[in-house]
2 protein chains.
Amino acid sequence: MKTHKTIEGARLQHGGNFGPITVSTLAEAEFFADGGFRDITYAVPIAPEKLDRAAALASRIDRLNLLIDSETALRAMERRGFSFEVFLKIDCGYHRAGVSPDSPDSVALARAMLRSTTIRFHGILTHAGHSYHARNADDVRRIAAEEAGCLTRFRALDEELGFLVRSVGSTPTASVVDRFIEVDEVRPGNYIFYDAFQTAIGSCRVEDVAVSVLATVVGSYPERRCAIIDAGALALSKDLGADHIDPDVSYGIVCDLDLSPLPVRLTSVSQEHGKLEGIAHLPVGMKVRVLPNHSCLTAAMFDRYHVIENREVVGEWRPARGW
Amino acid sequence: MKTHKTIEGARLQHGGNFGPITVSTLAEAEFFADGGFRDITYAVPIAPEKLDRAAALASRIDRLNLLIDSETALRAMERRGFSFEVFLKIDCGYHRAGVSPDSPDSVALARAMLRSTTIRFHGILTHAGHSYHARNADDVRRIAAEEAGCLTRFRALDEELGFLVRSVGSTPTASVVDRFIEVDEVRPGNYIFYDAFQTAIGSCRVEDVAVSVLATVVGSYPERRCAIIDAGALALSKDLGADHIDPDVSYGIVCDLDLSPLPVRLTSVSQEHGKLEGIAHLPVGMKVRVLPNHSCLTAAMFDRYHVIENREVVGEWRPARGW
């Protein structure tokens with residue numbers, strides 16, 4: 001839910017039902033709990049000082065799964081004395097958070113979680129964030145196999161671990177894999193909107209991108225072959241997109257109102273200005289839609305979504321915000 | 001005011017008084033008008049569809065200065081029929097918005113603004129954003145001279161333009177110039193907080209940076225010499241900072257709670273994770289403060305500031321948001 005952070009989007013993703021869902025902040029978890037969702041995974045290792053808030057939230061829903069990847073975090077939970085449901089985060093190759101699936105220390109931590117009389121060891125979880133470094137769908141398929149295989153391999157290291165839920169998930173892998181094997185749940189997020197980055201690595205087509213920023217040309221400089229729109233870093237974020245594939249930076253795909261790409265690049269963004277360069281002449285007052293490089297970051301800049309069907313605004317969604 | 005967007009910060013900057021001020025969005029202008037500020041410059045070329053909102057705002061304060069740099073925008077204002085106060089934006093070398101100070105077309109536009117029976121031509125305005133490309137204070141001084149000189153030169157092109165207010169401003173130039181000559185007003189913004197970028201180009205010292213993001217280490221991986229904090233792209237922005245000076249990216253200066261820099265770099269940020277790499281061992285639960293690369297973008301991610309004096313939280317400021 002971290003991409004859109006709305007009740008309406010979450011229910012769309014679940015065919016009208018209420019979860020289970022995964023979130024990226026405790027504030028999101030509380031927001032969705034208020035909205036009727038009762039099975040929530042908070043998929044970032046929790047800061048020890050947030051355990052009181054987490055316990056209060058867990059007490060009013062069916063299940064709040066937390067994430068840890070250190071003995072320090074386990075001890076903090078035991079000191080808190082609440083029977084948290086806990087995932088152990090495994091590093092399947094992204095090398096951000098998570099314990100190594102091949103280290104004896106990781107098995108020792110898993111056994112300590114099994115033996116804990118305080119927490120409940122629910123499962124093992126990973127995120128193949130390195131799928132974002134892929135150059136095409138074949139790269140992504142290879143990483144998806146690693147992502148799934150790594151949890152099954154870890155679980156096999158000790159037969160006592162065999163009951164653990166295996167949770168994977170990234171939008172690139174979920175978008176290109178026909179069928180997940182060796183996993184129990186999949187948690188992609190970005191796919192609800194997709195974005196320019198996902199088109200570049202082959203997760204989706206440009207016409208699949210479901211979120212855009214409406215902007216107006218406020219300056220036009222044909223002699224410099226450029227124009228300025230009133231959407232800059234605060235409207236779009238400064239995410240560079242898939243610059244490992246296309247080093248000519250554009251801060252999004254610039255389209256007309258019907259979402260047909262225009263022959264211009266958004267070559268720089270400052271706080272409230274976006275600079276377009278290219279062959280199209282864009283007059284002052286013209287409106288464009290920008291498909292963002294990274295929809296999760298762009299969406300978080302706005303207090304509301306205008307939902308469009310057949311060129312008409314048919315709804316307004318209000319996202320959660322903060323931490 | 002675009003850096004902090006708070007009434008409290010604005011009054012600090014004016015010794016307790018109410019302006020005049022410069023803002024970057026119409027929403028900010030409305031927010032500060034509600035807070036008692038009555039002389040406001042909106043320093044981004046205005047989108048034609050916002051002229052109704054601007055007229056409503058201008059009617060309830062003493063002065064709302066708008067910015068244009070095209071005949072299209074001038075015609076839109078004349079069609080609106082409201083006596084807007086208007087700056088002509090001049091490009092002094094940044095090549096973002098603004099007309100060339102050396103083009104006959106620019107003088108023709110200025111004369112059309114003079115002759116307009118609808119708008120009031122208040123002045124000429126520039127922003128030396130290219131001062132951010134400087135490598136040291138001497139570079140900045142040279143750009144500051146260009147910034148000021150360009151407006152005086154433009155005004156001299158026609159004696160009828162001699163009355164125009166000359167408005168300049170960028171934090172790098174305002175920070176290193178001892179005395180502005182040939183200008184009537186200066187509009188720096190970032191200096192209220194400064195940031196890691198400004199330290200790199202010589203605008204300020206690290207100890208001058210007045211805003212930081214408090215974060216907690218939530219993962220610690222000594223075998224990989226890295227740690228994860230719970231502040232990522234949504235807490236800090238993805239601004240790369242002064243990478244023209246130091247290509248080894250860090251998404252901010254990572255400090256202890258007393259704001260002494262630690263020997264680690266914040267080498268990558270994803271939505272809610274920041275990855276620290278370096279020689280310091282940072283245990284799970286440890287708190288750090290991150291001086292942001294670009295305080296304007298970072299500050300905009302938060303709903304409030306906690307104001308700290310002598311290690312105590314002594315106040316809470318709430319910023320404007322949106323457009």
# chains A, B, ... in the order shown; residues from 1 in each chain; ligands from 1
>>> interface_residues(of="chain B", to="chain A", cutoff="7 Å", atoms="only C-alpha atoms", output="PyMOL selection string")
chain B and resi 24+45-48+69+72+96-97+216+218-219+228+234+238-239+271-272+275+284-285+297
>>> select_by_dssp(residues="region 48-201 of chain A", states="strand (DSSP E or B)", output="PDB file with N, CA and C atoms, in the first residue's frame")
ATOM      1  N   ARG A  63      -4.054  -8.914  13.249  1.00  0.00           N
ATOM      2  CA  ARG A  63      -2.663  -9.317  13.120  1.00  0.00           C
ATOM      3  C   ARG A  63      -1.840  -8.138  12.627  1.00  0.00           C
ATOM      4  N   LEU A  64      -0.791  -7.821  13.352  1.00  0.00           N
ATOM      5  CA  LEU A  64       0.206  -6.859  12.884  1.00  0.00           C
ATOM      6  C   LEU A  64       1.530  -7.592  12.833  1.00  0.00           C
ATOM      7  N   ASN A  65       2.040  -7.819  11.640  1.00  0.00           N
ATOM      8  CA  ASN A  65       3.347  -8.458  11.492  1.00  0.00           C
ATOM      9  C   ASN A  65       4.430  -7.394  11.473  1.00  0.00           C
ATOM     10  N   LEU A  66       5.423  -7.576  12.327  1.00  0.00           N
ATOM     11  CA  LEU A  66       6.578  -6.675  12.331  1.00  0.00           C
ATOM     12  C   LEU A  66       7.781  -7.400  11.763  1.00  0.00           C
ATOM     13  N   LEU A  67       8.806  -6.608  11.494  1.00  0.00           N
ATOM     14  CA  LEU A  67       9.999  -7.130  10.823  1.00  0.00           C
ATOM     15  C   LEU A  67      11.201  -6.858  11.704  1.00  0.00           C
ATOM     16  N   ILE A  68      12.063  -7.850  11.887  1.00  0.00           N
ATOM     17  CA  ILE A  68      13.347  -7.591  12.544  1.00  0.00           C
ATOM     18  C   ILE A  68      14.437  -8.331  11.785  1.00  0.00           C
ATOM     19  N   GLU A  85       3.714 -10.536  16.410  1.00  0.00           N
ATOM     20  CA  GLU A  85       3.935 -11.464  15.296  1.00  0.00           C
ATOM     21  C   GLU A  85       5.125 -10.932  14.507  1.00  0.00           C
ATOM     22  N   VAL A  86       6.110 -11.783  14.228  1.00  0.00           N
ATOM     23  CA  VAL A  86       7.360 -11.248  13.691  1.00  0.00           C
ATOM     24  C   VAL A  86       7.846 -12.033  12.473  1.00  0.00           C
ATOM     25  N   PHE A  87       8.261 -11.277  11.471  1.00  0.00           N
ATOM     26  CA  PHE A  87       9.000 -11.822  10.333  1.00  0.00           C
ATOM     27  C   PHE A  87      10.491 -11.585  10.562  1.00  0.00           C
ATOM     28  N   LEU A  88      11.300 -12.537  10.169  1.00  0.00           N
ATOM     29  CA  LEU A  88      12.748 -12.311  10.081  1.00  0.00           C
ATOM     30  C   LEU A  88      13.055 -11.873   8.648  1.00  0.00           C
ATOM     31  N   LYS A  89      13.712 -10.729   8.520  1.00  0.00           N
ATOM     32  CA  LYS A  89      14.050 -10.223   7.186  1.00  0.00           C
ATOM     33  C   LYS A  89      15.321 -10.897   6.691  1.00  0.00           C
ATOM     34  N   ILE A  90      15.245 -11.437   5.477  1.00  0.00           N
ATOM     35  CA  ILE A  90      16.374 -12.116   4.843  1.00  0.00           C
ATOM     36  C   ILE A  90      16.850 -11.264   3.669  1.00  0.00           C
ATOM     37  N   VAL A  99      19.223 -10.273   7.099  1.00  0.00           N
ATOM     38  CA  VAL A  99      20.379 -11.109   7.432  1.00  0.00           C
ATOM     39  C   VAL A  99      20.724 -11.970   6.226  1.00  0.00           C
ATOM     40  N   ARG A 120       5.915 -14.161  18.572  1.00  0.00           N
ATOM     41  CA  ARG A 120       5.528 -15.302  17.747  1.00  0.00           C
ATOM     42  C   ARG A 120       6.230 -15.174  16.395  1.00  0.00           C
ATOM     43  N   PHE A 121       7.012 -16.182  16.055  1.00  0.00           N
ATOM     44  CA  PHE A 121       7.823 -16.164  14.832  1.00  0.00           C
ATOM     45  C   PHE A 121       6.910 -16.606  13.692  1.00  0.00           C
ATOM     46  N   HIS A 122       6.526 -15.628  12.865  1.00  0.00           N
ATOM     47  CA  HIS A 122       5.513 -15.892  11.845  1.00  0.00           C
ATOM     48  C   HIS A 122       6.117 -16.379  10.526  1.00  0.00           C
ATOM     49  N   GLY A 123       7.228 -15.760  10.122  1.00  0.00           N
ATOM     50  CA  GLY A 123       7.745 -16.160   8.819  1.00  0.00           C
ATOM     51  C   GLY A 123       9.038 -15.467   8.467  1.00  0.00           C
ATOM     52  N   ILE A 124       9.488 -15.713   7.255  1.00  0.00           N
ATOM     53  CA  ILE A 124      10.692 -15.070   6.724  1.00  0.00           C
ATOM     54  C   ILE A 124      10.293 -14.276   5.488  1.00  0.00           C
ATOM     55  N   LEU A 125      10.931 -13.144   5.332  1.00  0.00           N
ATOM     56  CA  LEU A 125      10.484 -12.163   4.344  1.00  0.00           C
ATOM     57  C   LEU A 125      11.690 -11.587   3.626  1.00  0.00           C
ATOM     58  N   VAL A 165       6.136 -19.006   7.167  1.00  0.00           N
ATOM     59  CA  VAL A 165       5.592 -18.394   5.953  1.00  0.00           C
ATOM     60  C   VAL A 165       6.733 -17.756   5.170  1.00  0.00           C
ATOM     61  N   ARG A 166       6.728 -17.949   3.834  1.00  0.00           N
ATOM     62  CA  ARG A 166       7.746 -17.333   2.967  1.00  0.00           C
ATOM     63  C   ARG A 166       7.103 -16.179   2.199  1.00  0.00           C
ATOM     64  N   SER A 167       7.578 -14.972   2.488  1.00  0.00           N
ATOM     65  CA  SER A 167       6.971 -13.765   1.902  1.00  0.00           C
ATOM     66  C   SER A 167       7.993 -13.057   1.017  1.00  0.00           C
ATOM     67  N   VAL A 168       7.650 -12.882  -0.248  1.00  0.00           N
ATOM     68  CA  VAL A 168       8.546 -12.186  -1.186  1.00  0.00           C
ATOM     69  C   VAL A 168       7.786 -11.001  -1.769  1.00  0.00           C
ATOM     70  N   GLU A 185       3.428 -15.956  -0.010  1.00  0.00           N
ATOM     71  CA  GLU A 185       2.739 -14.691  -0.284  1.00  0.00           C
ATOM     72  C   GLU A 185       3.675 -13.775  -1.064  1.00  0.00           C
ATOM     73  N   VAL A 186       3.073 -12.855  -1.806  1.00  0.00           N
ATOM     74  CA  VAL A 186       3.812 -11.933  -2.670  1.00  0.00           C
ATOM     75  C   VAL A 186       3.312 -10.523  -2.358  1.00  0.00           C
TER      76      VAL A 186
END
>>> residues_around(residues="region 254-266 of chain B", least_positions_apart="2", cutoff="9 Å", atoms="only C-alpha atoms", output="PDB file with N, CA and C atoms, in the first residue's frame")
ATOM      1  N   VAL B 206      29.356  23.975   8.257  1.00  0.00           N
ATOM      2  CA  VAL B 206      28.460  22.885   8.679  1.00  0.00           C
ATOM      3  C   VAL B 206      27.671  23.305   9.914  1.00  0.00           C
ATOM      4  N   GLU B 207      28.329  24.025  10.829  1.00  0.00           N
ATOM      5  CA  GLU B 207      27.641  24.388  12.077  1.00  0.00           C
ATOM      6  C   GLU B 207      26.581  25.464  11.876  1.00  0.00           C
ATOM      7  N   SER B 212      17.667  19.613  10.659  1.00  0.00           N
ATOM      8  CA  SER B 212      18.149  18.240  10.526  1.00  0.00           C
ATOM      9  C   SER B 212      16.971  17.293  10.675  1.00  0.00           C
ATOM     10  N   LEU B 214      15.854  13.810  12.315  1.00  0.00           N
ATOM     11  CA  LEU B 214      16.182  12.838  13.355  1.00  0.00           C
ATOM     12  C   LEU B 214      15.778  11.452  12.861  1.00  0.00           C
ATOM     13  N   CYS B 226      27.792  -1.553   7.043  1.00  0.00           N
ATOM     14  CA  CYS B 226      26.695  -0.634   6.760  1.00  0.00           C
ATOM     15  C   CYS B 226      25.588  -0.763   7.781  1.00  0.00           C
ATOM     16  N   ASP B 248      31.314  11.425  -4.793  1.00  0.00           N
ATOM     17  CA  ASP B 248      30.930  10.319  -3.898  1.00  0.00           C
ATOM     18  C   ASP B 248      29.653  10.719  -3.183  1.00  0.00           C
ATOM     19  N   VAL B 249      28.555  10.210  -3.691  1.00  0.00           N
ATOM     20  CA  VAL B 249      27.261  10.690  -3.220  1.00  0.00           C
ATOM     21  C   VAL B 249      27.028  10.381  -1.743  1.00  0.00           C
ATOM     22  N   SER B 250      26.527  11.351  -1.016  1.00  0.00           N
ATOM     23  CA  SER B 250      25.892  11.107   0.272  1.00  0.00           C
ATOM     24  C   SER B 250      24.630  11.967   0.309  1.00  0.00           C
ATOM     25  N   TYR B 251      23.535  11.352   0.751  1.00  0.00           N
ATOM     26  CA  TYR B 251      22.264  12.080   0.751  1.00  0.00           C
ATOM     27  C   TYR B 251      22.110  12.923   2.016  1.00  0.00           C
ATOM     28  N   GLY B 252      23.182  13.570   2.413  1.00  0.00           N
ATOM     29  CA  GLY B 252      23.162  14.414   3.593  1.00  0.00           C
ATOM     30  C   GLY B 252      24.396  14.155   4.432  1.00  0.00           C
ATOM     31  N   SER B 268      22.680   5.529  -0.158  1.00  0.00           N
ATOM     32  CA  SER B 268      21.487   5.363  -0.995  1.00  0.00           C
ATOM     33  C   SER B 268      20.247   5.549  -0.144  1.00  0.00           C
ATOM     34  N   VAL B 269      19.206   6.001  -0.794  1.00  0.00           N
ATOM     35  CA  VAL B 269      17.914   6.127  -0.125  1.00  0.00           C
ATOM     36  C   VAL B 269      16.857   5.480  -1.008  1.00  0.00           C
ATOM     37  N   GLY B 274      17.297   4.431   4.545  1.00  0.00           N
ATOM     38  CA  GLY B 274      18.539   5.106   4.175  1.00  0.00           C
ATOM     39  C   GLY B 274      19.692   4.193   4.529  1.00  0.00           C
ATOM     40  N   LYS B 275      20.638   4.037   3.602  1.00  0.00           N
ATOM     41  CA  LYS B 275      21.744   3.105   3.828  1.00  0.00           C
ATOM     42  C   LYS B 275      23.016   3.876   4.168  1.00  0.00           C
ATOM     43  N   LEU B 276      23.550   3.614   5.357  1.00  0.00           N
ATOM     44  CA  LEU B 276      24.783   4.256   5.805  1.00  0.00           C
ATOM     45  C   LEU B 276      25.950   3.310   5.566  1.00  0.00           C
ATOM     46  N   GLU B 277      27.034   3.847   5.028  1.00  0.00           N
ATOM     47  CA  GLU B 277      28.243   3.042   4.847  1.00  0.00           C
ATOM     48  C   GLU B 277      29.430   3.830   5.369  1.00  0.00           C
ATOM     49  N   GLY B 278      30.344   3.133   6.040  1.00  0.00           N
ATOM     50  CA  GLY B 278      31.534   3.819   6.548  1.00  0.00           C
ATOM     51  C   GLY B 278      32.119   3.105   7.726  1.00  0.00           C
ATOM     52  N   ILE B 279      32.997   3.802   8.417  1.00  0.00           N
ATOM     53  CA  ILE B 279      33.763   3.110   9.446  1.00  0.00           C
ATOM     54  C   ILE B 279      33.078   3.084  10.808  1.00  0.00           C
ATOM     55  N   ALA B 280      32.092   3.938  11.035  1.00  0.00           N
ATOM     56  CA  ALA B 280      31.470   3.946  12.356  1.00  0.00           C
ATOM     57  C   ALA B 280      30.546   2.742  12.500  1.00  0.00           C
ATOM     58  N   LYS B 287      20.335   6.878  17.625  1.00  0.00           N
ATOM     59  CA  LYS B 287      19.719   7.979  16.892  1.00  0.00           C
ATOM     60  C   LYS B 287      20.795   8.824  16.218  1.00  0.00           C
ATOM     61  N   VAL B 288      20.476   9.281  15.011  1.00  0.00           N
ATOM     62  CA  VAL B 288      21.367  10.185  14.280  1.00  0.00           C
ATOM     63  C   VAL B 288      20.549  11.377  13.785  1.00  0.00           C
ATOM     64  N   ARG B 289      21.279  12.427  13.465  1.00  0.00           N
ATOM     65  CA  ARG B 289      20.650  13.581  12.816  1.00  0.00           C
ATOM     66  C   ARG B 289      21.280  13.726  11.435  1.00  0.00           C
ATOM     67  N   VAL B 290      20.454  13.897  10.419  1.00  0.00           N
ATOM     68  CA  VAL B 290      20.956  14.067   9.059  1.00  0.00           C
ATOM     69  C   VAL B 290      20.747  15.516   8.626  1.00  0.00           C
ATOM     70  N   LEU B 291      21.857  16.191   8.309  1.00  0.00           N
ATOM     71  CA  LEU B 291      21.752  17.521   7.701  1.00  0.00           C
ATOM     72  C   LEU B 291      21.467  17.291   6.228  1.00  0.00           C
ATOM     73  N   PRO B 292      20.343  17.771   5.728  1.00  0.00           N
ATOM     74  CA  PRO B 292      19.943  17.396   4.366  1.00  0.00           C
ATOM     75  C   PRO B 292      20.808  18.051   3.295  1.00  0.00           C
ATOM     76  N   ARG B 311      19.024  21.740  23.407  1.00  0.00           N
ATOM     77  CA  ARG B 311      18.604  20.333  23.466  1.00  0.00           C
ATOM     78  C   ARG B 311      17.153  20.114  23.891  1.00  0.00           C
TER      79      ARG B 311
END
>>> closest_residue(among="A:Val307, A:Ala56, A:Val209, A:Ala148", to="Gly9 (chain A)", atoms="only C-alpha atoms")
A:Val307
>>> select_by_dssp(residues="region 95-168 of chain A", states="alpha helix (DSSP H)", output="PyMOL selection string")
chain A and resi 104-115+137-155
>>> atom_distance(atom1="CA of Asp139 (chain B)", atom2="CA of Val177 (chain B)")
11.3 Å
>>> atom_distance(atom1="CA of Asp102 (chain A)", atom2="CA of Arg142 (chain A)")
19.1 Å
>>> closest_residue(among="B:Gly15, B:Gly241, B:Gly169, B:Pro101", to="Val183 (chain B)", atoms="only C-alpha atoms")
B:Gly169
>>> closest_residue(among="A:Phe180, A:Thr171, A:Arg187, A:Asp105", to="Thr126 (chain A)", atoms="only C-alpha atoms")
A:Arg187
>>> closest_residue(among="B:Gly16, B:Gly36, B:Gly162, B:Gly93", to="Ala144 (chain B)", atoms="only C-alpha atoms")
B:Gly93
>>> residues_around(residues="Glu30 (chain B)", least_positions_apart="6", cutoff="12 Å", atoms="only C-alpha atoms", output="VMD selection string")
chain B and resid 5 7 22 to 24 36 to 42 53 to 61 64 320 to 323
>>> write_last_selection(atoms="N, CA and C atoms", output="compact mmCIF listing (two decimals), in the first residue's frame")
# COMPACT_ATOMS: atom_id res chain seq x y z
N LYS B 5 8.41 27.87 4.83
CA LYS B 5 6.95 27.97 4.65
C LYS B 5 6.20 28.10 5.97
N ILE B 7 4.90 30.79 9.26
CA ILE B 7 4.70 32.15 9.77
C ILE B 7 5.83 32.50 10.76
N THR B 22 8.80 36.87 -0.26
CA THR B 22 8.73 36.20 -1.56
C THR B 22 8.37 34.74 -1.33
N VAL B 23 7.47 34.22 -2.17
CA VAL B 23 7.02 32.83 -2.04
C VAL B 23 7.14 32.12 -3.39
N SER B 24 6.98 30.79 -3.36
CA SER B 24 7.16 29.99 -4.57
C SER B 24 5.89 29.35 -5.09
N GLY B 36 -1.09 37.39 8.04
CA GLY B 36 -0.86 38.80 8.30
C GLY B 36 0.15 39.49 7.39
N PHE B 37 0.71 38.76 6.44
CA PHE B 37 1.69 39.37 5.52
C PHE B 37 0.94 40.05 4.37
N ARG B 38 1.35 41.29 4.05
CA ARG B 38 0.54 42.09 3.15
C ARG B 38 1.29 42.56 1.90
N ASP B 39 2.57 42.14 1.75
CA ASP B 39 3.36 42.52 0.57
C ASP B 39 4.11 41.28 0.13
N ILE B 40 3.61 40.64 -0.91
CA ILE B 40 4.06 39.30 -1.27
C ILE B 40 4.42 39.24 -2.74
N THR B 41 5.60 38.69 -3.04
CA THR B 41 6.00 38.42 -4.42
C THR B 41 5.94 36.92 -4.66
N TYR B 42 5.20 36.55 -5.69
CA TYR B 42 5.12 35.13 -6.10
C TYR B 42 6.10 34.97 -7.26
N ARG B 53 -7.49 33.23 -8.93
CA ARG B 53 -7.05 33.09 -7.52
C ARG B 53 -6.13 34.23 -7.13
N ALA B 54 -5.23 34.60 -8.06
CA ALA B 54 -4.28 35.67 -7.76
C ALA B 54 -5.01 37.00 -7.56
N ALA B 55 -6.02 37.25 -8.39
CA ALA B 55 -6.77 38.50 -8.26
C ALA B 55 -7.50 38.55 -6.92
N ALA B 56 -8.07 37.42 -6.53
CA ALA B 56 -8.78 37.37 -5.24
C ALA B 56 -7.80 37.66 -4.10
N LEU B 57 -6.63 37.09 -4.19
CA LEU B 57 -5.62 37.32 -3.14
C LEU B 57 -5.15 38.76 -3.16
N ALA B 58 -4.85 39.27 -4.35
CA ALA B 58 -4.34 40.65 -4.46
C ALA B 58 -5.33 41.64 -3.87
N SER B 59 -6.62 41.33 -3.97
CA SER B 59 -7.66 42.24 -3.49
C SER B 59 -7.70 42.35 -1.97
N ARG B 60 -7.11 41.37 -1.28
CA ARG B 60 -7.23 41.42 0.18
C ARG B 60 -5.91 41.74 0.89
N ILE B 61 -4.84 42.03 0.13
CA ILE B 61 -3.59 42.47 0.76
C ILE B 61 -3.14 43.77 0.09
N LEU B 64 0.39 42.23 -4.24
CA LEU B 64 0.82 40.91 -4.69
C LEU B 64 1.56 41.12 -6.00
N ALA B 320 3.13 25.69 5.38
CA ALA B 320 2.18 25.61 4.27
C ALA B 320 2.57 24.43 3.38
N ARG B 321 1.61 23.98 2.57
CA ARG B 321 1.84 22.82 1.74
C ARG B 321 0.96 22.95 0.50
N GLY B 322 1.41 22.37 -0.60
CA GLY B 322 0.57 22.32 -1.79
C GLY B 322 0.77 23.52 -2.70
N TRP B 323 -0.15 23.69 -3.63
CA TRP B 323 0.06 24.64 -4.70
C TRP B 323 -1.06 25.65 -4.87
>>> decode(residues="region 247-260 of chain A", atoms="N, CA, C and O atoms", output="mmCIF file, in the first residue's frame")
data_model
loop_
_atom_site.group_PDB
_atom_site.id
_atom_site.type_symbol
_atom_site.label_atom_id
_atom_site.label_comp_id
_atom_site.auth_asym_id
_atom_site.auth_seq_id
_atom_site.Cartn_x
_atom_site.Cartn_y
_atom_site.Cartn_z
ATOM 1 N N PRO A 247 21.122 7.023 -19.828
ATOM 2 C CA PRO A 247 21.805 8.055 -19.044
ATOM 3 C C PRO A 247 21.355 9.479 -19.369
ATOM 4 O O PRO A 247 21.708 10.405 -18.626
ATOM 5 N N ASP A 248 20.585 9.679 -20.443
ATOM 6 C CA ASP A 248 20.039 11.018 -20.720
ATOM 7 C C ASP A 248 18.844 11.246 -19.815
ATOM 8 O O ASP A 248 17.736 10.803 -20.094
ATOM 9 N N VAL A 249 19.103 11.960 -18.753
ATOM 10 C CA VAL A 249 18.091 12.074 -17.699
ATOM 11 C C VAL A 249 16.828 12.765 -18.195
ATOM 12 O O VAL A 249 16.883 13.763 -18.900
ATOM 13 N N SER A 250 15.687 12.210 -17.850
ATOM 14 C CA SER A 250 14.423 12.933 -17.890
ATOM 15 C C SER A 250 13.679 12.585 -16.607
ATOM 16 O O SER A 250 13.612 11.416 -16.224
ATOM 17 N N TYR A 251 13.127 13.615 -15.957
ATOM 18 C CA TYR A 251 12.454 13.378 -14.676
ATOM 19 C C TYR A 251 11.012 12.943 -14.893
ATOM 20 O O TYR A 251 10.109 13.389 -14.191
ATOM 21 N N GLY A 252 10.800 12.082 -15.856
ATOM 22 C CA GLY A 252 9.466 11.590 -16.146
ATOM 23 C C GLY A 252 9.238 11.595 -17.647
ATOM 24 O O GLY A 252 10.065 12.095 -18.419
ATOM 25 N N ILE A 253 8.116 10.986 -18.052
ATOM 26 C CA ILE A 253 7.732 10.950 -19.466
ATOM 27 C C ILE A 253 6.667 12.030 -19.654
ATOM 28 O O ILE A 253 5.605 11.982 -19.040
ATOM 29 N N VAL A 254 6.990 13.021 -20.503
ATOM 30 C CA VAL A 254 6.097 14.172 -20.679
ATOM 31 C C VAL A 254 5.109 13.860 -21.798
ATOM 32 O O VAL A 254 5.512 13.531 -22.924
ATOM 33 N N CYS A 255 3.818 13.970 -21.485
ATOM 34 C CA CYS A 255 2.759 13.579 -22.423
ATOM 35 C C CYS A 255 1.778 14.726 -22.616
ATOM 36 O O CYS A 255 1.718 15.662 -21.817
ATOM 37 N N ASP A 256 0.986 14.605 -23.671
ATOM 38 C CA ASP A 256 -0.138 15.527 -23.811
ATOM 39 C C ASP A 256 -1.278 15.051 -22.892
ATOM 40 O O ASP A 256 -1.125 14.067 -22.161
ATOM 41 N N LEU A 257 -2.411 15.730 -22.958
ATOM 42 C CA LEU A 257 -3.490 15.396 -22.025
ATOM 43 C C LEU A 257 -4.063 14.003 -22.257
ATOM 44 O O LEU A 257 -4.675 13.424 -21.358
ATOM 45 N N ASP A 258 -3.854 13.465 -23.462
ATOM 46 C CA ASP A 258 -4.321 12.108 -23.744
ATOM 47 C C ASP A 258 -3.253 11.061 -23.466
ATOM 48 O O ASP A 258 -3.388 9.911 -23.874
ATOM 49 N N LEU A 259 -2.180 11.486 -22.797
ATOM 50 C CA LEU A 259 -1.101 10.586 -22.388
ATOM 51 C C LEU A 259 -0.290 10.031 -23.554
ATOM 52 O O LEU A 259 0.328 8.967 -23.439
ATOM 53 N N SER A 260 -0.271 10.751 -24.669
ATOM 54 C CA SER A 260 0.674 10.410 -25.735
ATOM 55 C C SER A 260 1.989 11.137 -25.464
ATOM 56 O O SER A 260 1.991 12.362 -25.297
#
